[in-house]
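> Structure incoming, see below.
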Amino acid sequence: MSQNFDEQQLSPTARLAVQLLRIPSVTPDDKGCNQLLIDRLEALGFRCEVMRFGEVNNFWARLGDSGPVLCFAGHTDVVPTGPEENWQSPPFTPTLRDGLLYARGAADMKGSLAAMVTACENFVASCKSEQRQPEGSIAFLITGDEEGAATNGTRKVIDALEARNEKINWCIVGEPSSTETLGDVVKIGRRGSLHGLLTVRGVQGHVAYPHLARNPIHQAMLPLDALAREIWDEGNEAFPPTTFQISNIRSGTGADNVIPGELTAAFNFRFSTELGETDIRKRTEAILDGHGIDYDLEWKLSGLPFLTRSERLIQAVRDSVHAVNGVSTHVSTAGGTSDGRFIAPTGAEVVELGPCNATIHKVDEHVRITDLDDLSLMYEGIIRRLLGS
C-alpha cells in the first residue's frame with residue numbers, strides 16, 4: 001500500500017535519497033544531482049572540483065591533504081525507466097510502500113550516494129566533538145556516465161588524477177552488491193570484459209546455385225562452435241573460469257532465395273586474472289585461422305580484471321557490516337563490470353558495498369528504507385576503522 005510521507009520525518013539519509021530520486025537523471029545527464037551532493041560536501045569542508053568531459057558532469061571532492069586517501073565512488077546517472085505505465089508509481093516520484101522505497105535509482109545507486117554523504121557528515125561531526133583529525137583524507141569520485149558509454153566519466157577523472165599524481169589508496173564503490181540481506185555480499189574484484197565483432201566474408205548468390213557462391217553462414221558455424229566449446233582456463237580461487245558468449249549474429253539480405261555475402265557475429269569474453277587480453281586475442285584468431293575463413297575481427301576492451309587483496313580494507317568492511325546488522329560477509333567477484341575497473345589499475349584497493357540488487361534496472365526498482373540508514377552506519381564504520389585515530 002502506498003504511503004504519503006512527510007519528508008522532514010525521514011532520517012537524514014532517506015531524506016537525501018528522496019531528493020536525489022526526484023531528479024530524472026537518465027544517463028548521461030545528472031540534471032543537478034551532482035550539485036546537490038557538492039553543496040552537502042562543501043558544507044563539510046570538502047574541496048570540490050567539477051570535471052566536465054564532453055557532455056558529462058563529474059566531480060572530485062577531497063577533505064584533507066595527507067594520505068592515505070579513502071575514496072567513495074559512485075554515479076548519479078540511472079538507466080531509462082521503460083514504459084512508465086508499467087510502474088506501480090511514477091518512477092521519479094519516490095514512493096514508500098510496506099517499508100520499501102520505490103523509484104528509479106533507489107538501489108542503483110542513489111541510496112548508496114546518500115548513505116556515503118551522511119556517513120561523512122556523522123564522522124566529521126564526531127571528529128569535531130572529540131577535537132581530533134582523521135588520519136588521512138576522504139574523497140568522492142562521482143560521475144554521470146556509468147550506465148551509458150562510460151567514456152567521459154570515471155575513466156577521464158582517473159586520467160586527470162593520475163596526470164597530477166593524486167592517488168587513491170582505498171575505494172568503496174556503492175554498487176548494489178548485496179543479495180538477500182544488506183552486506184551479505186561485497187565485491188572484491190571483477191572479471192575483465194573483452195568484446196569481439198567478427199565479420200565473415202562470403203560470395204553472394206542464388207540458393208539454387210551454391211557452387212557459384214560462398215555462404216558465410218556455413219563458413220562461420222564451425223569456428224564459432226569451436227570458440228564456444230573451447231576451455232579457456234579453469235579459473236582460480238577468486239574467479240570462475242573465463243566464459244565466451246555470442247550475443248548477436250546477423251546475415252541475410254531479407255530474401256529467402258539469396259545466399260548472403262557477409263555475416264557479422266558479436267561476442268564477449270568475461271575473463272579472470274588467469275588469462276590476459278593478448279592471450280585471448282591470439283587464441284581466438286588461431287581458431288579462426290584454422291578454419292580457413294575470410295574474416296575481419298575488431299576488438300574492444302571494456303575493462304581488465306582486478307582483485308583486491310588488502311586484508312585491512314576487506315576486514316574493515318567485514319567488521320563494519322557485522323557491527324551494524326550481525327551479518328557475516330561473503331566476498332565475491334561475480335557479476336558484470338563496474339567503474340572499479342578504471343580505479344583499480346592505479347594501484348587502489350577497491351571494494352563494492354551497496355544495497356540488495358534484486359530490482360536494479362527493473363520496473364518498480366526499490367530498496368528497504370531501513371537499509372539506507374544501516375548502509376550509512378556501515379560506511380561510517382569503514383571510515384573509522386581506516387582513518388580513525
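Naming scheme: A, B, ... for chains in displayed order of the C-alpha cells; residues 1 onward per chain; ligands 1 onward as shown.
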Show me, as a tab-separated table (two decimals) with N, CA, C and O atoms, in the first residue's frame, the residues that have an atom within 8 Å of A:Arg341 when counting only C-alpha atoms, minus same-chain residues fewer than 2 positions from it.


```tsv
chain	number	residue	atom	x	y	z
A	190	ARG	N	36.42	-7.84	-10.03
A	190	ARG	CA	35.51	-8.06	-11.16
A	190	ARG	C	36.29	-8.72	-12.29
A	190	ARG	O	37.50	-8.52	-12.44
A	303	GLY	N	37.27	-3.52	-19.91
A	303	GLY	CA	37.96	-3.43	-18.63
A	303	GLY	C	38.75	-4.69	-18.34
A	303	GLY	O	38.35	-5.79	-18.73
A	304	LEU	N	39.87	-4.51	-17.65
A	304	LEU	CA	40.69	-5.64	-17.23
A	304	LEU	C	40.18	-6.18	-15.90
A	304	LEU	O	39.55	-5.46	-15.12
A	305	PRO	N	40.45	-7.43	-15.59
A	305	PRO	CA	40.05	-7.96	-14.29
A	305	PRO	C	40.87	-7.33	-13.18
A	305	PRO	O	42.02	-6.92	-13.39
A	306	PHE	N	40.26	-7.21	-12.01
A	306	PHE	CA	41.02	-6.73	-10.86
A	306	PHE	C	40.60	-7.50	-9.62
A	306	PHE	O	39.49	-8.04	-9.55
A	337	THR	N	30.63	-5.60	-15.08
A	337	THR	CA	31.69	-4.64	-14.80
A	337	THR	C	31.15	-3.47	-13.98
A	337	THR	O	29.94	-3.25	-13.91
A	338	SER	N	32.04	-2.74	-13.37
A	338	SER	CA	31.70	-1.51	-12.66
A	338	SER	C	32.82	-0.52	-12.90
A	338	SER	O	33.86	-0.85	-13.49
A	339	ASP	N	32.64	0.70	-12.42
A	339	ASP	CA	33.69	1.71	-12.59
A	339	ASP	C	34.93	1.38	-11.78
A	339	ASP	O	35.97	2.05	-11.94
A	343	ILE	N	39.48	2.36	-11.65
A	343	ILE	CA	40.17	2.84	-10.45
A	343	ILE	C	41.25	1.88	-10.00
A	343	ILE	O	42.36	2.29	-9.62
A	344	ALA	N	40.97	0.58	-10.07
A	344	ALA	CA	41.92	-0.43	-9.59
A	344	ALA	C	43.27	-0.40	-10.29
A	344	ALA	O	44.30	-0.60	-9.63
A	345	PRO	N	43.35	-0.16	-11.62
A	345	PRO	CA	44.66	-0.17	-12.27
A	345	PRO	C	45.64	0.88	-11.75
A	345	PRO	O	46.84	0.78	-12.02
```

> With only C-alpha atoms as the atoms that count, which of A:Pro216, A:Gly196, A:Gly340, A:Pro260 lies nearest to A:Asn248?

A:Gly196

> Enumerate the residues of stretch 320-364 of chain A with a DSSP assignment of alpha helix (DSSP H), computed from the backbone, and present them as a PyMOL selection string.

chain A and resi 320-325+340-343

> With N, CA, C and O atoms retained, could you export that selection as an mmCIF file, in the first residue's frame?


```cif
data_model
loop_
_atom_site.group_PDB
_atom_site.id
_atom_site.type_symbol
_atom_site.label_atom_id
_atom_site.label_comp_id
_atom_site.auth_asym_id
_atom_site.auth_seq_id
_atom_site.Cartn_x
_atom_site.Cartn_y
_atom_site.Cartn_z
ATOM 1 N N SER A 320 32.630 -3.715 9.837
ATOM 2 C CA SER A 320 31.608 -2.661 9.837
ATOM 3 C C SER A 320 30.229 -3.229 9.548
ATOM 4 O O SER A 320 29.236 -2.830 10.167
ATOM 5 N N VAL A 321 30.154 -4.161 8.597
ATOM 6 C CA VAL A 321 28.873 -4.807 8.297
ATOM 7 C C VAL A 321 28.380 -5.581 9.511
ATOM 8 O O VAL A 321 27.215 -5.453 9.929
ATOM 9 N N HIS A 322 29.246 -6.374 10.107
ATOM 10 C CA HIS A 322 28.843 -7.219 11.238
ATOM 11 C C HIS A 322 28.428 -6.378 12.438
ATOM 12 O O HIS A 322 27.485 -6.733 13.165
ATOM 13 N N ALA A 323 29.096 -5.251 12.644
ATOM 14 C CA ALA A 323 28.763 -4.393 13.785
ATOM 15 C C ALA A 323 27.377 -3.787 13.657
ATOM 16 O O ALA A 323 26.708 -3.517 14.658
ATOM 17 N N VAL A 324 26.917 -3.582 12.410
ATOM 18 C CA VAL A 324 25.613 -2.941 12.196
ATOM 19 C C VAL A 324 24.471 -3.948 12.235
ATOM 20 O O VAL A 324 23.455 -3.726 12.893
ATOM 21 N N ASN A 325 24.612 -5.076 11.521
ATOM 22 C CA ASN A 325 23.469 -5.997 11.445
ATOM 23 C C ASN A 325 23.809 -7.453 11.744
ATOM 24 O O ASN A 325 22.973 -8.333 11.542
ATOM 25 N N GLY A 340 34.848 0.381 -10.914
ATOM 26 C CA GLY A 340 36.045 -0.073 -10.217
ATOM 27 C C GLY A 340 37.143 -0.482 -11.180
ATOM 28 O O GLY A 340 38.329 -0.424 -10.841
ATOM 29 N N ARG A 341 36.757 -0.880 -12.405
ATOM 30 C CA ARG A 341 37.746 -1.318 -13.395
ATOM 31 C C ARG A 341 38.656 -0.187 -13.838
ATOM 32 O O ARG A 341 39.763 -0.440 -14.346
ATOM 33 N N PHE A 342 38.227 1.071 -13.672
ATOM 34 C CA PHE A 342 39.061 2.206 -14.027
ATOM 35 C C PHE A 342 39.924 2.672 -12.854
ATOM 36 O O PHE A 342 40.958 3.304 -13.061
ATOM 37 N N ILE A 343 39.479 2.365 -11.646
ATOM 38 C CA ILE A 343 40.169 2.844 -10.445
ATOM 39 C C ILE A 343 41.253 1.879 -10.002
ATOM 40 O O ILE A 343 42.357 2.287 -9.619
#
```

> Hey, which of A:Ser310, A:Ser66, A:Ser177, A:Thr13 ends up closest to A:Met116? Count only C-alpha atoms.

A:Thr13

> I'd like to know which of A:Leu70, A:Leu96, A:Asn58, A:Leu63 is closest to A:Glu7, using only C-alpha atoms.

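For A:Glu7, the nearest of the candidates is A:Leu96.
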
> So that I can check the surroundings of stretch 22-29 of chain A, please list as a VMD selection string every protein, DNA and RNA residue that reaches within 12 Å of it, counting only C-alpha atoms and ignoring chain neighbours fewer than 4 positions away.

chain A and resid 15 to 18 33 to 36 52 to 58 75 to 82 90 to 95 102 to 106 109 to 110 143 to 153 361

> Suppose we keep N, CA and C atoms; can you now write the selection as a compact mmCIF listing (two decimals), in the first residue's frame?


```txt
# COMPACT_ATOMS: atom_id res chain seq x y z
N ARG A 15 16.12 11.09 3.56
CA ARG A 15 15.68 12.38 3.01
C ARG A 15 16.56 12.79 1.84
N LEU A 16 17.88 12.62 1.97
CA LEU A 16 18.76 12.95 0.86
C LEU A 16 18.52 12.01 -0.32
N ALA A 17 18.28 10.74 -0.04
CA ALA A 17 17.99 9.79 -1.12
C ALA A 17 16.74 10.22 -1.88
N VAL A 18 15.71 10.62 -1.18
CA VAL A 18 14.46 11.06 -1.83
C VAL A 18 14.72 12.28 -2.70
N CYS A 33 21.96 16.55 -9.89
CA CYS A 33 22.28 15.64 -8.78
C CYS A 33 23.67 15.92 -8.22
N ASN A 34 24.63 16.12 -9.13
CA ASN A 34 26.00 16.35 -8.68
C ASN A 34 26.09 17.60 -7.82
N GLN A 35 25.41 18.65 -8.24
CA GLN A 35 25.47 19.90 -7.47
C GLN A 35 24.84 19.73 -6.09
N LEU A 36 23.79 18.94 -6.01
CA LEU A 36 23.17 18.67 -4.71
C LEU A 36 24.18 18.02 -3.76
N ARG A 52 34.17 18.31 -16.17
CA ARG A 52 33.24 18.04 -17.26
C ARG A 52 34.03 17.57 -18.48
N PHE A 53 33.64 16.43 -19.00
CA PHE A 53 34.25 15.90 -20.21
C PHE A 53 33.12 15.60 -21.20
N GLY A 54 33.21 16.21 -22.39
CA GLY A 54 32.12 16.05 -23.34
C GLY A 54 30.83 16.59 -22.75
N GLU A 55 29.79 15.77 -22.74
CA GLU A 55 28.50 16.20 -22.20
C GLU A 55 28.29 15.71 -20.77
N VAL A 56 29.34 15.18 -20.16
CA VAL A 56 29.19 14.54 -18.86
C VAL A 56 29.77 15.40 -17.74
N ASN A 57 28.97 15.58 -16.69
CA ASN A 57 29.43 16.24 -15.48
C ASN A 57 29.93 15.19 -14.48
N ASN A 58 31.13 15.41 -13.98
CA ASN A 58 31.72 14.60 -12.93
C ASN A 58 32.26 15.54 -11.87
N HIS A 75 27.85 6.85 -9.02
CA HIS A 75 27.29 7.54 -10.19
C HIS A 75 25.89 8.04 -9.88
N THR A 76 25.58 9.20 -10.45
CA THR A 76 24.26 9.79 -10.28
C THR A 76 23.34 9.49 -11.44
N ASP A 77 23.86 8.95 -12.54
CA ASP A 77 23.00 8.64 -13.68
C ASP A 77 22.28 7.32 -13.44
N VAL A 78 21.13 7.19 -14.06
CA VAL A 78 20.31 5.98 -13.95
C VAL A 78 19.93 5.52 -15.35
N VAL A 79 19.51 4.25 -15.45
CA VAL A 79 19.05 3.73 -16.73
C VAL A 79 17.64 4.23 -17.02
N PRO A 80 17.21 4.21 -18.28
CA PRO A 80 15.84 4.61 -18.60
C PRO A 80 14.81 3.76 -17.86
N THR A 81 13.63 4.31 -17.68
CA THR A 81 12.60 3.65 -16.88
C THR A 81 11.83 2.59 -17.66
N GLY A 82 11.87 2.66 -19.00
CA GLY A 82 10.93 1.85 -19.76
C GLY A 82 9.55 2.51 -19.69
N PRO A 90 4.89 6.48 -10.23
CA PRO A 90 5.80 7.14 -11.18
C PRO A 90 7.26 6.93 -10.77
N PRO A 91 8.12 6.56 -11.71
CA PRO A 91 9.49 6.17 -11.37
C PRO A 91 10.35 7.28 -10.76
N PHE A 92 9.98 8.54 -10.99
CA PHE A 92 10.73 9.62 -10.38
C PHE A 92 9.93 10.36 -9.31
N THR A 93 8.93 9.66 -8.80
CA THR A 93 8.20 10.13 -7.62
C THR A 93 8.44 9.11 -6.52
N PRO A 94 9.43 9.33 -5.66
CA PRO A 94 9.74 8.34 -4.62
C PRO A 94 8.50 8.02 -3.80
N THR A 95 8.25 6.73 -3.68
CA THR A 95 7.03 6.26 -3.02
C THR A 95 7.39 5.18 -2.01
N TYR A 102 10.41 3.07 -3.41
CA TYR A 102 10.37 2.79 -4.85
C TYR A 102 10.75 4.04 -5.64
N ALA A 103 11.65 3.87 -6.60
CA ALA A 103 11.98 4.91 -7.57
C ALA A 103 13.14 4.39 -8.41
N ARG A 104 13.25 4.91 -9.63
CA ARG A 104 14.40 4.54 -10.45
C ARG A 104 15.67 5.10 -9.80
N GLY A 105 16.63 4.22 -9.56
CA GLY A 105 17.88 4.60 -8.94
C GLY A 105 17.93 4.36 -7.44
N ALA A 106 16.84 3.85 -6.86
CA ALA A 106 16.81 3.65 -5.42
C ALA A 106 17.93 2.71 -4.97
N MET A 109 22.21 3.99 -8.09
CA MET A 109 22.74 3.78 -6.78
C MET A 109 22.65 5.04 -5.92
N LYS A 110 21.50 5.72 -6.04
CA LYS A 110 21.34 6.96 -5.30
C LYS A 110 21.19 6.74 -3.80
N THR A 143 30.35 10.40 -10.92
CA THR A 143 30.18 10.58 -12.35
C THR A 143 28.71 10.53 -12.74
N GLY A 144 28.44 11.06 -13.92
CA GLY A 144 27.11 10.92 -14.52
C GLY A 144 27.14 10.02 -15.74
N ASP A 145 28.20 9.23 -15.86
CA ASP A 145 28.39 8.44 -17.09
C ASP A 145 28.83 7.01 -16.75
N GLU A 146 28.07 6.33 -15.89
CA GLU A 146 28.38 4.93 -15.59
C GLU A 146 27.45 3.99 -16.32
N GLU A 147 26.18 4.37 -16.42
CA GLU A 147 25.19 3.49 -17.03
C GLU A 147 25.19 3.53 -18.55
N GLY A 148 25.89 4.49 -19.12
CA GLY A 148 25.92 4.62 -20.56
C GLY A 148 27.25 4.18 -21.15
N ALA A 149 27.83 5.07 -21.95
CA ALA A 149 29.06 4.72 -22.67
C ALA A 149 30.26 4.58 -21.74
N ALA A 150 30.24 5.26 -20.60
CA ALA A 150 31.33 5.19 -19.62
C ALA A 150 32.67 5.61 -20.23
N THR A 151 32.63 6.59 -21.12
CA THR A 151 33.86 7.08 -21.73
C THR A 151 34.29 8.43 -21.18
N ASN A 152 33.34 9.25 -20.73
CA ASN A 152 33.65 10.59 -20.24
C ASN A 152 33.40 10.74 -18.75
N GLY A 153 33.41 9.62 -18.05
CA GLY A 153 33.14 9.64 -16.63
C GLY A 153 34.36 9.30 -15.79
N HIS A 361 17.64 -1.95 -12.38
CA HIS A 361 17.31 -1.82 -13.81
C HIS A 361 15.91 -2.36 -14.13
```

> Using only C-alpha atoms, which protein or nucleic acid residues come within 12 Å of A:Asn122? Drop anything in the same chain fewer than 6 positions from it, and give the result as a list in words.

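Using only C-alpha atoms, the neighbours found are Pro12, Thr13, Leu44, Ala115, Met116, Lys128, Ser129, Asp373, Ser376, Leu377, Met378, Tyr379, Glu380, Gly381, Ile383 and Arg384 of chain A.
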
> Interatomic distance between atom CA of A:Asp364 and atom CA of A:Ser112?

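Atom-to-atom, atom CA of A:Asp364 to atom CA of A:Ser112, that is 17.7 Å.
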
> Identify all residues of stretch 101-215 of chain A in strand (DSSP E or B) (DSSP on the backbone) and supply them as a PyMOL selection string.

chain A and resi 101-102+137-143+170-173+178+185-187+189-190+192-201+203+205-206+214

> Any idea what's packed within 10 Å of A:Leu307, counting only C-alpha atoms, ignoring anything in its chain fewer than 4 positions away? Could you give it as a ChimeraX atom specification?

/A:187-191,238-239,272-273,332-333,341,344,349-351

> So how far away is atom CA of A:Glu166 from atom CA of A:Thr118, in Å?

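That distance, rounded to one decimal, is 24.8 Å.
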
> Which one is closest to A:Ile369: A:Gly99, A:Asp294, A:Gly45, A:Thr181? Count only C-alpha atoms.

A:Gly99

> Determine the nearest neighbour of A:Gly136 from the options A:Ala266, A:Cys356, A:Arg385, A:Asp30, counting only C-alpha atoms.

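So, comparing all the options, the nearest one is A:Arg385.
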
> Tell me which protein, DNA and RNA residues are within 12 Å of A:Asn357, counting only C-alpha atoms, leaving out same-chain ones fewer than 4 positions away, and put them as a ChimeraX atom specification.

/A:105-109,111-112,174-186,335,353,361-362,365-368

> Using only C-alpha atoms, which residue out of A:Ser137, A:Thr359, A:Ser193, A:Gln204 lies closest to A:Ile168?

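Smallest distance to A:Ile168 is found for A:Ser137.
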